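Dropping run.tsv in here (TSV, C-alpha atoms):
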```tsv
chain	number	residue	atom	x	y	z
A	20	MET	CA	-200.83	21.69	117.27
A	21	ALA	CA	-199.44	18.22	116.60
A	22	GLY	CA	-200.87	18.19	113.10
A	23	PHE	CA	-199.36	21.57	112.43
A	24	ARG	CA	-195.88	20.30	113.39
A	25	ILE	CA	-196.26	17.18	111.30
A	26	GLY	CA	-197.42	19.12	108.30
A	27	ARG	CA	-194.56	21.63	108.67
A	28	GLY	CA	-192.06	18.86	108.82
A	29	ARG	CA	-193.57	17.24	105.73
A	30	ASP	CA	-193.41	20.52	103.87
A	31	ASN	CA	-189.72	20.93	104.70
A	32	ARG	CA	-188.98	17.39	103.63
A	33	THR	CA	-190.85	17.91	100.43
A	34	GLN	CA	-188.95	21.12	99.74
A	35	GLN	CA	-185.60	19.44	100.35
A	36	GLN	CA	-186.38	16.54	98.04
A	37	GLN	CA	-187.24	18.82	95.11
A	38	PRO	CA	-184.38	18.82	92.55
A	39	ARG	CA	-182.47	22.07	92.00
A	40	GLN	CA	-183.40	23.62	88.73
A	41	ALA	CA	-180.58	24.58	86.38
A	42	PRO	CA	-180.24	28.30	85.60
A	43	PRO	CA	-181.54	29.47	82.23
A	44	PRO	CA	-179.02	29.39	79.43
A	45	TYR	CA	-177.06	32.52	78.61
A	46	PRO	CA	-178.71	34.35	75.75
A	47	GLY	CA	-175.36	34.71	73.97
A	48	GLY	CA	-175.39	31.05	72.97
A	49	GLY	CA	-173.52	27.96	74.00
A	50	GLY	CA	-175.48	27.41	77.13
A	51	GLN	CA	-172.67	28.66	79.30
A	52	GLN	CA	-172.46	31.80	81.31
A	53	PRO	CA	-169.48	34.08	80.86
A	54	TYR	CA	-166.93	33.95	83.60
A	55	ALA	CA	-168.28	30.63	84.72
A	56	ARG	CA	-165.73	28.77	86.72
A	57	GLN	CA	-164.69	25.65	84.94
A	58	PRO	CA	-163.64	22.57	86.84
A	59	GLN	CA	-159.91	22.16	87.03
A	60	GLN	CA	-158.52	19.24	85.16
A	61	PRO	CA	-155.17	17.74	86.09
A	62	PRO	CA	-152.50	18.01	83.38
A	63	GLN	CA	-152.33	15.08	81.02
A	64	TRP	CA	-148.92	13.39	81.26
A	65	PRO	CA	-147.52	11.54	78.27
A	66	GLN	CA	-147.17	7.86	78.65
A	67	GLY	CA	-143.90	6.99	80.39
A	68	SER	CA	-143.01	10.62	81.28
A	69	GLY	CA	-144.27	10.71	84.86
A	70	PRO	CA	-143.08	8.56	87.75
A	71	GLN	CA	-145.04	5.53	88.69
A	72	GLY	CA	-147.47	6.05	91.55
A	73	HIS	CA	-147.20	9.85	91.47
A	74	GLN	CA	-149.57	12.40	90.00
A	75	PRO	CA	-148.17	15.96	89.88
A	76	GLN	CA	-150.32	18.65	91.39
A	77	TYR	CA	-151.76	21.44	89.30
A	78	GLY	CA	-149.28	24.26	88.74
A	79	GLU	CA	-146.35	22.31	90.14
A	80	PRO	CA	-143.07	22.49	88.14
A	81	GLU	CA	-141.94	19.24	86.64
A	82	TYR	CA	-138.60	19.24	88.40
A	83	PHE	CA	-140.45	19.33	91.77
A	84	GLY	CA	-143.14	16.78	90.95
A	85	ASP	CA	-140.94	14.43	88.91
A	86	PRO	CA	-137.31	14.23	89.98
A	87	HIS	CA	-136.69	11.62	87.26
A	88	HIS	CA	-138.42	13.58	84.49
A	89	GLY	CA	-136.46	13.51	81.26
A	90	GLY	CA	-134.12	10.88	82.61
A	91	GLN	CA	-134.42	7.19	83.31
A	92	GLN	CA	-137.38	5.79	85.16
A	93	ARG	CA	-136.90	3.45	88.00
A	94	GLY	CA	-136.53	0.06	86.46
A	95	GLY	CA	-137.16	1.28	82.87
A	96	PRO	CA	-135.21	2.43	79.82
A	97	PRO	CA	-134.24	6.09	79.21
A	98	GLN	CA	-137.16	8.19	78.04
A	99	HIS	CA	-137.20	11.23	75.78
A	100	ASP	CA	-138.24	14.50	77.43
A	101	PRO	CA	-141.21	15.91	75.44
A	102	TYR	CA	-141.03	19.21	77.38
A	103	ALA	CA	-137.38	20.00	76.60
A	104	ASN	CA	-136.73	23.58	75.48
A	105	SER	CA	-140.27	24.67	76.39
A	106	ALA	CA	-141.47	27.34	78.79
A	107	GLY	CA	-141.24	26.45	82.45
A	108	HIS	CA	-138.54	23.84	81.97
A	109	THR	CA	-134.88	24.22	82.85
A	110	ARG	CA	-132.00	22.70	81.00
A	111	ALA	CA	-128.30	22.85	81.85
A	112	PHE	CA	-125.94	24.04	79.12
A	113	SER	CA	-122.44	25.51	78.79
A	114	ILE	CA	-120.83	27.98	76.41
A	115	ASP	CA	-117.18	27.72	75.43
A	116	ASP	CA	-115.34	30.99	75.96
A	117	PRO	CA	-113.15	31.68	72.90
A	118	TYR	CA	-111.14	34.22	74.89
A	119	GLY	CA	-110.11	31.84	77.68
A	120	ASP	CA	-109.93	32.98	81.30
A	121	GLY	CA	-108.08	36.23	80.51
A	122	SER	CA	-104.88	35.19	82.28
A	123	THR	CA	-102.87	34.82	79.07
A	124	TYR	CA	-103.30	38.38	77.85
A	125	GLN	CA	-100.15	40.36	77.24
A	126	ALA	CA	-99.77	43.87	75.89
A	127	GLY	CA	-97.74	42.62	72.95
A	128	ASN	CA	-100.38	39.99	72.02
A	129	ALA	CA	-97.96	37.18	72.84
A	130	PRO	CA	-97.52	35.36	76.16
A	131	ALA	CA	-94.16	35.87	77.77
A	132	PRO	CA	-91.96	32.83	78.16
A	133	PRO	CA	-91.17	31.68	81.69
A	134	PRO	CA	-88.21	33.58	83.14
A	135	GLY	CA	-84.98	31.72	83.47
A	136	PRO	CA	-82.64	31.69	86.47
A	137	ARG	CA	-80.99	34.90	87.62
A	138	LEU	CA	-77.82	35.63	85.70
A	139	HIS	CA	-74.49	36.22	87.36
A	140	TRP	CA	-73.31	39.80	87.15
A	141	LYS	CA	-70.59	38.86	84.65
A	142	GLN	CA	-73.09	37.09	82.42
A	143	LEU	CA	-75.48	40.02	82.83
A	144	LEU	CA	-72.96	42.66	81.75
A	145	SER	CA	-71.69	40.64	78.80
A	146	GLY	CA	-75.20	39.57	77.85
A	147	ILE	CA	-76.39	43.19	77.50
A	148	VAL	CA	-73.80	43.68	74.75
A	149	LEU	CA	-73.58	40.22	73.16
A	150	ARG	CA	-77.01	38.68	73.82
A	151	PRO	CA	-79.36	41.58	74.61
A	152	LYS	CA	-82.60	39.94	73.52
A	153	ALA	CA	-82.15	36.74	75.54
A	154	THR	CA	-80.71	38.66	78.50
A	155	PHE	CA	-83.62	41.09	78.72
A	156	TRP	CA	-86.11	38.21	78.47
A	157	GLN	CA	-84.40	36.30	81.25
A	158	MET	CA	-83.89	39.26	83.61
A	159	ARG	CA	-87.25	40.91	83.11
A	160	ASP	CA	-88.49	39.74	86.53
A	161	TYR	CA	-85.27	40.18	88.54
A	162	ALA	CA	-84.00	43.31	90.21
A	163	VAL	CA	-80.39	44.18	89.31
A	164	TRP	CA	-79.68	46.85	91.90
A	165	GLY	CA	-76.19	45.60	92.81
A	166	PRO	CA	-74.63	45.64	89.33
A	167	ALA	CA	-76.62	48.76	88.34
A	168	LEU	CA	-75.47	50.89	91.27
A	169	VAL	CA	-71.83	49.78	91.15
A	170	VAL	CA	-71.41	50.13	87.39
A	171	THR	CA	-73.21	53.48	87.27
A	172	PHE	CA	-71.16	54.85	90.16
A	173	VAL	CA	-67.86	53.81	88.56
A	174	TYR	CA	-69.03	55.30	85.28
A	175	GLY	CA	-69.84	58.56	87.08
A	176	LEU	CA	-66.38	58.67	88.63
A	177	LEU	CA	-64.78	58.47	85.18
A	178	ALA	CA	-67.37	60.53	83.29
A	179	ILE	CA	-65.91	63.79	84.60
A	180	PHE	CA	-62.70	63.11	82.71
A	181	GLY	CA	-64.58	62.91	79.43
A	182	PHE	CA	-65.14	66.68	79.50
A	183	ASP	CA	-62.05	68.69	78.62
A	184	LYS	CA	-62.65	71.64	80.93
A	185	ALA	CA	-63.76	69.51	83.89
A	186	ARG	CA	-60.78	67.17	83.40
A	187	GLU	CA	-58.28	70.04	83.45
A	188	GLU	CA	-59.81	71.51	86.60
A	189	THR	CA	-59.79	68.15	88.33
A	190	ILE	CA	-56.20	67.36	87.36
A	191	ASN	CA	-54.89	70.81	88.39
A	192	ALA	CA	-56.78	70.77	91.71
A	193	THR	CA	-55.35	69.39	94.89
A	194	LEU	CA	-56.11	65.84	95.93
A	195	SER	CA	-58.25	66.93	98.89
A	196	SER	CA	-60.52	69.01	96.65
A	197	ALA	CA	-60.51	66.66	93.62
A	198	ILE	CA	-61.73	63.57	95.49
A	199	PRO	CA	-65.00	65.13	96.76
A	200	TYR	CA	-65.57	66.58	93.30
A	201	VAL	CA	-65.19	63.18	91.63
A	202	LEU	CA	-67.33	61.39	94.25
A	203	THR	CA	-70.06	63.98	93.92
A	204	THR	CA	-70.14	63.48	90.17
A	205	GLY	CA	-70.42	59.71	90.63
A	206	VAL	CA	-73.34	60.04	93.05
A	207	ALA	CA	-75.04	62.62	90.81
A	208	LEU	CA	-74.96	60.28	87.81
A	209	VAL	CA	-76.37	57.44	89.91
A	210	ILE	CA	-79.30	59.63	90.96
A	211	ALA	CA	-79.78	60.89	87.40
A	212	GLY	CA	-79.77	57.34	86.04
A	213	PHE	CA	-82.33	56.25	88.65
A	214	ILE	CA	-84.67	59.16	87.85
A	215	LEU	CA	-84.42	58.67	84.09
A	216	GLY	CA	-85.06	54.95	84.47
A	217	ALA	CA	-88.15	55.65	86.58
A	218	VAL	CA	-89.43	58.04	83.92
A	219	THR	CA	-88.93	55.36	81.25
A	220	HIS	CA	-90.83	52.82	83.34
A	221	THR	CA	-93.70	55.25	83.98
A	222	LEU	CA	-94.06	56.03	80.30
A	223	ALA	CA	-94.00	52.33	79.45
A	224	ARG	CA	-96.83	51.64	81.89
A	225	GLN	CA	-98.82	54.56	80.49
A	226	LEU	CA	-98.48	53.04	77.03
A	227	GLY	CA	-99.83	49.68	78.20
A	228	GLY	CA	-96.70	47.96	79.50
A	229	THR	CA	-96.89	45.21	82.11
A	230	GLY	CA	-93.31	45.07	83.45
A	231	ALA	CA	-92.04	45.70	86.97
A	232	TRP	CA	-90.27	48.92	87.84
A	233	GLN	CA	-87.16	47.51	89.54
A	234	PRO	CA	-85.84	45.50	86.55
A	235	THR	CA	-86.67	48.38	84.20
A	236	VAL	CA	-84.83	51.00	86.23
A	237	GLY	CA	-81.82	48.78	86.95
A	238	LEU	CA	-81.41	47.66	83.34
A	239	SER	CA	-81.78	51.21	82.06
A	240	MET	CA	-78.96	52.35	84.36
A	241	LEU	CA	-76.73	49.56	83.06
A	242	ILE	CA	-77.54	50.42	79.44
A	243	MET	CA	-76.74	54.09	80.05
A	244	SER	CA	-73.35	53.28	81.57
A	245	ILE	CA	-72.25	50.43	79.32
A	246	THR	CA	-73.11	52.08	76.01
A	247	ASP	CA	-71.14	55.23	76.81
A	248	ALA	CA	-68.05	53.29	77.97
A	249	PRO	CA	-66.30	53.20	74.52
A	250	ARG	CA	-66.62	56.96	74.07
A	251	LEU	CA	-65.46	57.61	77.61
A	252	LEU	CA	-62.45	55.31	77.21
A	253	PHE	CA	-61.11	57.24	74.21
A	254	ALA	CA	-62.06	60.59	75.73
A	255	LEU	CA	-59.79	59.92	78.72
A	256	PHE	CA	-56.75	59.95	76.44
A	257	LEU	CA	-57.79	61.93	73.34
A	258	GLY	CA	-60.10	64.50	74.87
A	259	GLY	CA	-63.72	65.20	74.20
A	260	GLU	CA	-63.07	67.39	71.14
A	261	ASN	CA	-61.42	64.63	69.15
A	262	SER	CA	-63.23	63.58	65.94
A	263	LEU	CA	-63.06	59.90	66.82
A	264	VAL	CA	-64.55	60.60	70.24
A	265	GLN	CA	-67.38	62.59	68.71
A	266	LEU	CA	-68.11	59.86	66.18
A	267	LEU	CA	-68.13	57.25	68.94
A	268	GLY	CA	-70.46	59.48	70.91
A	269	TRP	CA	-73.11	59.50	68.21
A	270	ALA	CA	-72.70	55.80	67.45
A	271	THR	CA	-73.00	54.77	71.08
A	272	TRP	CA	-76.03	57.03	71.53
A	273	LEU	CA	-77.80	55.27	68.67
A	274	GLY	CA	-76.77	51.92	70.18
A	275	ALA	CA	-78.23	53.01	73.52
A	276	GLY	CA	-81.50	53.86	71.79
A	277	ALA	CA	-81.66	50.38	70.26
A	278	LEU	CA	-80.93	48.69	73.59
A	279	PHE	CA	-83.43	50.86	75.45
A	280	THR	CA	-86.11	50.00	72.90
A	281	LEU	CA	-85.33	46.29	73.07
A	282	MET	CA	-85.26	46.26	76.87
A	283	VAL	CA	-88.59	48.07	77.27
A	284	SER	CA	-90.16	45.91	74.57
A	285	ARG	CA	-89.11	42.68	76.33
A	286	SER	CA	-89.72	43.86	79.90
A	287	HIS	CA	-93.14	45.42	79.24
A	288	ASP	CA	-94.45	43.34	76.30
A	289	LEU	CA	-94.72	46.38	74.06
A	290	PRO	CA	-94.18	46.75	70.31
A	291	TRP	CA	-91.03	48.57	69.40
A	292	PRO	CA	-92.67	51.95	68.46
A	293	LYS	CA	-94.21	52.24	71.92
A	294	ALA	CA	-91.01	51.01	73.56
A	295	LEU	CA	-89.01	53.65	71.72
A	296	GLY	CA	-91.51	56.30	72.76
A	297	ALA	CA	-91.18	55.24	76.40
A	298	ALA	CA	-87.38	55.57	76.25
A	299	SER	CA	-87.38	58.81	74.24
A	300	ILE	CA	-87.13	61.15	77.24
A	301	GLN	CA	-84.17	59.25	78.66
A	302	LEU	CA	-82.42	59.30	75.28
A	303	ILE	CA	-82.94	63.04	74.90
A	304	ALA	CA	-81.67	63.64	78.43
A	305	LEU	CA	-78.53	61.54	77.82
A	306	LEU	CA	-77.88	63.39	74.58
A	307	SER	CA	-78.22	66.75	76.28
A	308	ILE	CA	-76.24	65.99	79.44
A	309	ILE	CA	-73.45	63.70	78.22
A	310	LYS	CA	-73.19	63.68	74.44
A	311	LEU	CA	-73.84	67.30	73.64
A	312	GLY	CA	-71.84	68.38	76.61
A	313	THR	CA	-68.83	66.70	75.04
A	314	LEU	CA	-69.62	67.42	71.40
```

Have the structure of the file written as structure tokens, please.
Amino acid sequence: MAGFRIGRGRDNRTQQQQPRQAPPPYPGGGGQQPYARQPQQPPQWPQGSGPQGHQPQYGEPEYFGDPHHGGQQRGGPPQHDPYANSAGHTRAFSIDDPYGDGSTYQAGNAPAPPPGPRLHWKQLLSGIVLRPKATFWQMRDYAVWGPALVVTFVYGLLAIFGFDKAREETINATLSSAIPYVLTTGVALVIAGFILGAVTHTLARQLGGTGAWQPTVGLSMLIMSITDAPRLLFALFLGGENSLVQLLGWATWLGAGALFTLMVSRSHDLPWPKALGAASIQLIALLSIIKLGTL
């Protein structure tokens, strides 16, 4: 029994000491089996590219394994990055935008100048006639409700006397009945001017305008009242059927069209054809209500 155990142990020891035979070569050639797992080799780093005392792990990105990769080594001169612009490497870059940040766009392809200080009502009224371009530029961001309402209301009070039949009825009527009639006409023209100005502003925005509605409506009411003042002044004394009054009516209507176009163009940064189109409804309404009513 003891000999049997010794012999068994010697057999096991002999079997363990026998070298492991290599498998037969693959008949396809090369002495290597297909799909044989090859030993993994660490990536070869160029001289000077990796940090001292650090070996990157297999499959690890360079910006994790080498925080100084492509830059300057600790205690050494700047090194060139051999992996720049290759797969798996990041590189910061910037692109100049030729269109800017978009804040300078205007509908008229030109940035608007900074608005000036608010004009006094005297300078505003005279500027509409004498300096319309500069006045509309400067007042494009300011509401002009005070001058617009007062001037339009006074114009409405006098507009009734520009019509021959309405003037005769007003003059022949008693004072108690004439005053409400005149006041009603003044209020009606203020409301009509406000509505027509709002229509002009809406059309300007539909055509690509960028202006605010309060300056547009207020300035349109002032243009409507101021441009018809010469015709109304002569109509008070000569009557609406006079040839001079009719000629002034057409001339002032054309002048109103020019001022409307200039105001919308400056307030909304629109070219003059679009500005004229935005003011066309208001011009037609003024021609139908005031000019043709007198002519």

Worksheet item: How many Å separate atom CA of A:Ala294 from atom CA of A:Gly227?
Response: 10.1 Å

Fill in: Pick from A:Ser284, A:Ser244, A:Ser307, A:Ser196 nearest to A:Leu226, counting all atoms listed in the file
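Ranked by minimum distance to A:Leu226, first place goes to A:Ser284.
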
Neighbouring residues of stretch 301-303 of chain A were defined as those with any atom within 10 Å, considering all atoms listed in the file; residues of the same chain fewer than 6 positions away were excluded. Please report them as an mmCIF file with C-alpha atoms, in the frame of the given file.
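Output file selection.cif is given in full below:
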```cif
data_model
loop_
_atom_site.group_PDB
_atom_site.id
_atom_site.type_symbol
_atom_site.label_atom_id
_atom_site.label_comp_id
_atom_site.auth_asym_id
_atom_site.auth_seq_id
_atom_site.Cartn_x
_atom_site.Cartn_y
_atom_site.Cartn_z
ATOM 1 C CA ALA A 211 -79.780 60.890 87.400
ATOM 2 C CA GLY A 212 -79.770 57.340 86.040
ATOM 3 C CA ILE A 214 -84.670 59.160 87.850
ATOM 4 C CA LEU A 215 -84.420 58.670 84.090
ATOM 5 C CA GLY A 216 -85.060 54.950 84.470
ATOM 6 C CA ALA A 217 -88.150 55.650 86.580
ATOM 7 C CA VAL A 218 -89.430 58.040 83.920
ATOM 8 C CA THR A 219 -88.930 55.360 81.250
ATOM 9 C CA SER A 239 -81.780 51.210 82.060
ATOM 10 C CA MET A 243 -76.740 54.090 80.050
ATOM 11 C CA TRP A 272 -76.030 57.030 71.530
ATOM 12 C CA LEU A 273 -77.800 55.270 68.670
ATOM 13 C CA ALA A 275 -78.230 53.010 73.520
ATOM 14 C CA GLY A 276 -81.500 53.860 71.790
ATOM 15 C CA PHE A 279 -83.430 50.860 75.450
ATOM 16 C CA LEU A 295 -89.010 53.650 71.720
ATOM 17 C CA LYS A 310 -73.190 63.680 74.440
#
```

Practice prompt. Calculate how many Å separate atom CA of A:Asp247 from atom CA of A:Phe172, rounding to one decimal.
Written response: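 Those two atoms sit 13.4 Å apart.
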
Worksheet item: In Å, how far is it from atom CA of A:Gly205 to atom CA of A:Phe180?
Response: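 Atom CA of A:Gly205 sits 11.6 Å away from atom CA of A:Phe180.
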
Discussion item. Restricting the calculation to all atoms listed in the file: of A:Thr221, A:Gln142, A:Thr193, A:Gln265, which residue gets closest to A:Leu251?
Written reply: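 Going through A:Thr221, A:Gln142, A:Thr193, A:Gln265 one by one, the smallest distance to A:Leu251 is for A:Gln265.
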
Practice prompt. Enumerate, as a list in words, the protein, DNA and RNA residues whose atoms approach (-67.1, 53.9, 83.6) to within 9 Å, taking into account all atoms listed in the file and the coordinate frame of the file.
Written response: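 Counting all atoms listed in the file, I find these residues within 9 Å of (-67.1, 53.9, 83.6): Val170, Thr171, Phe172, Val173, Tyr174, Gly175, Leu176, Leu177, Ala178, Ser244, Ile245, Asp247, Ala248, Leu251 and Leu252 of chain A.
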
Would you compute the box with edges along x, y and z of the file around stretch 173-182 of chain A, including every atom the file lists for it and 5 Å extra on each side, and give its centre and edge lengths in Å to one decimal, as AutoDock Vina command-line options?
```
--center_x -66.3 --center_y 60.2 --center_z 84.0 --size_x 17.1 --size_y 22.9 --size_z 19.2
```

Fill in: Within 12 Å of A:Asp160 using all atoms listed in the file, minus same-chain residues under 5 positions, as a ChimeraX atom specification
/A:131-138,154-155,229-238,285-287
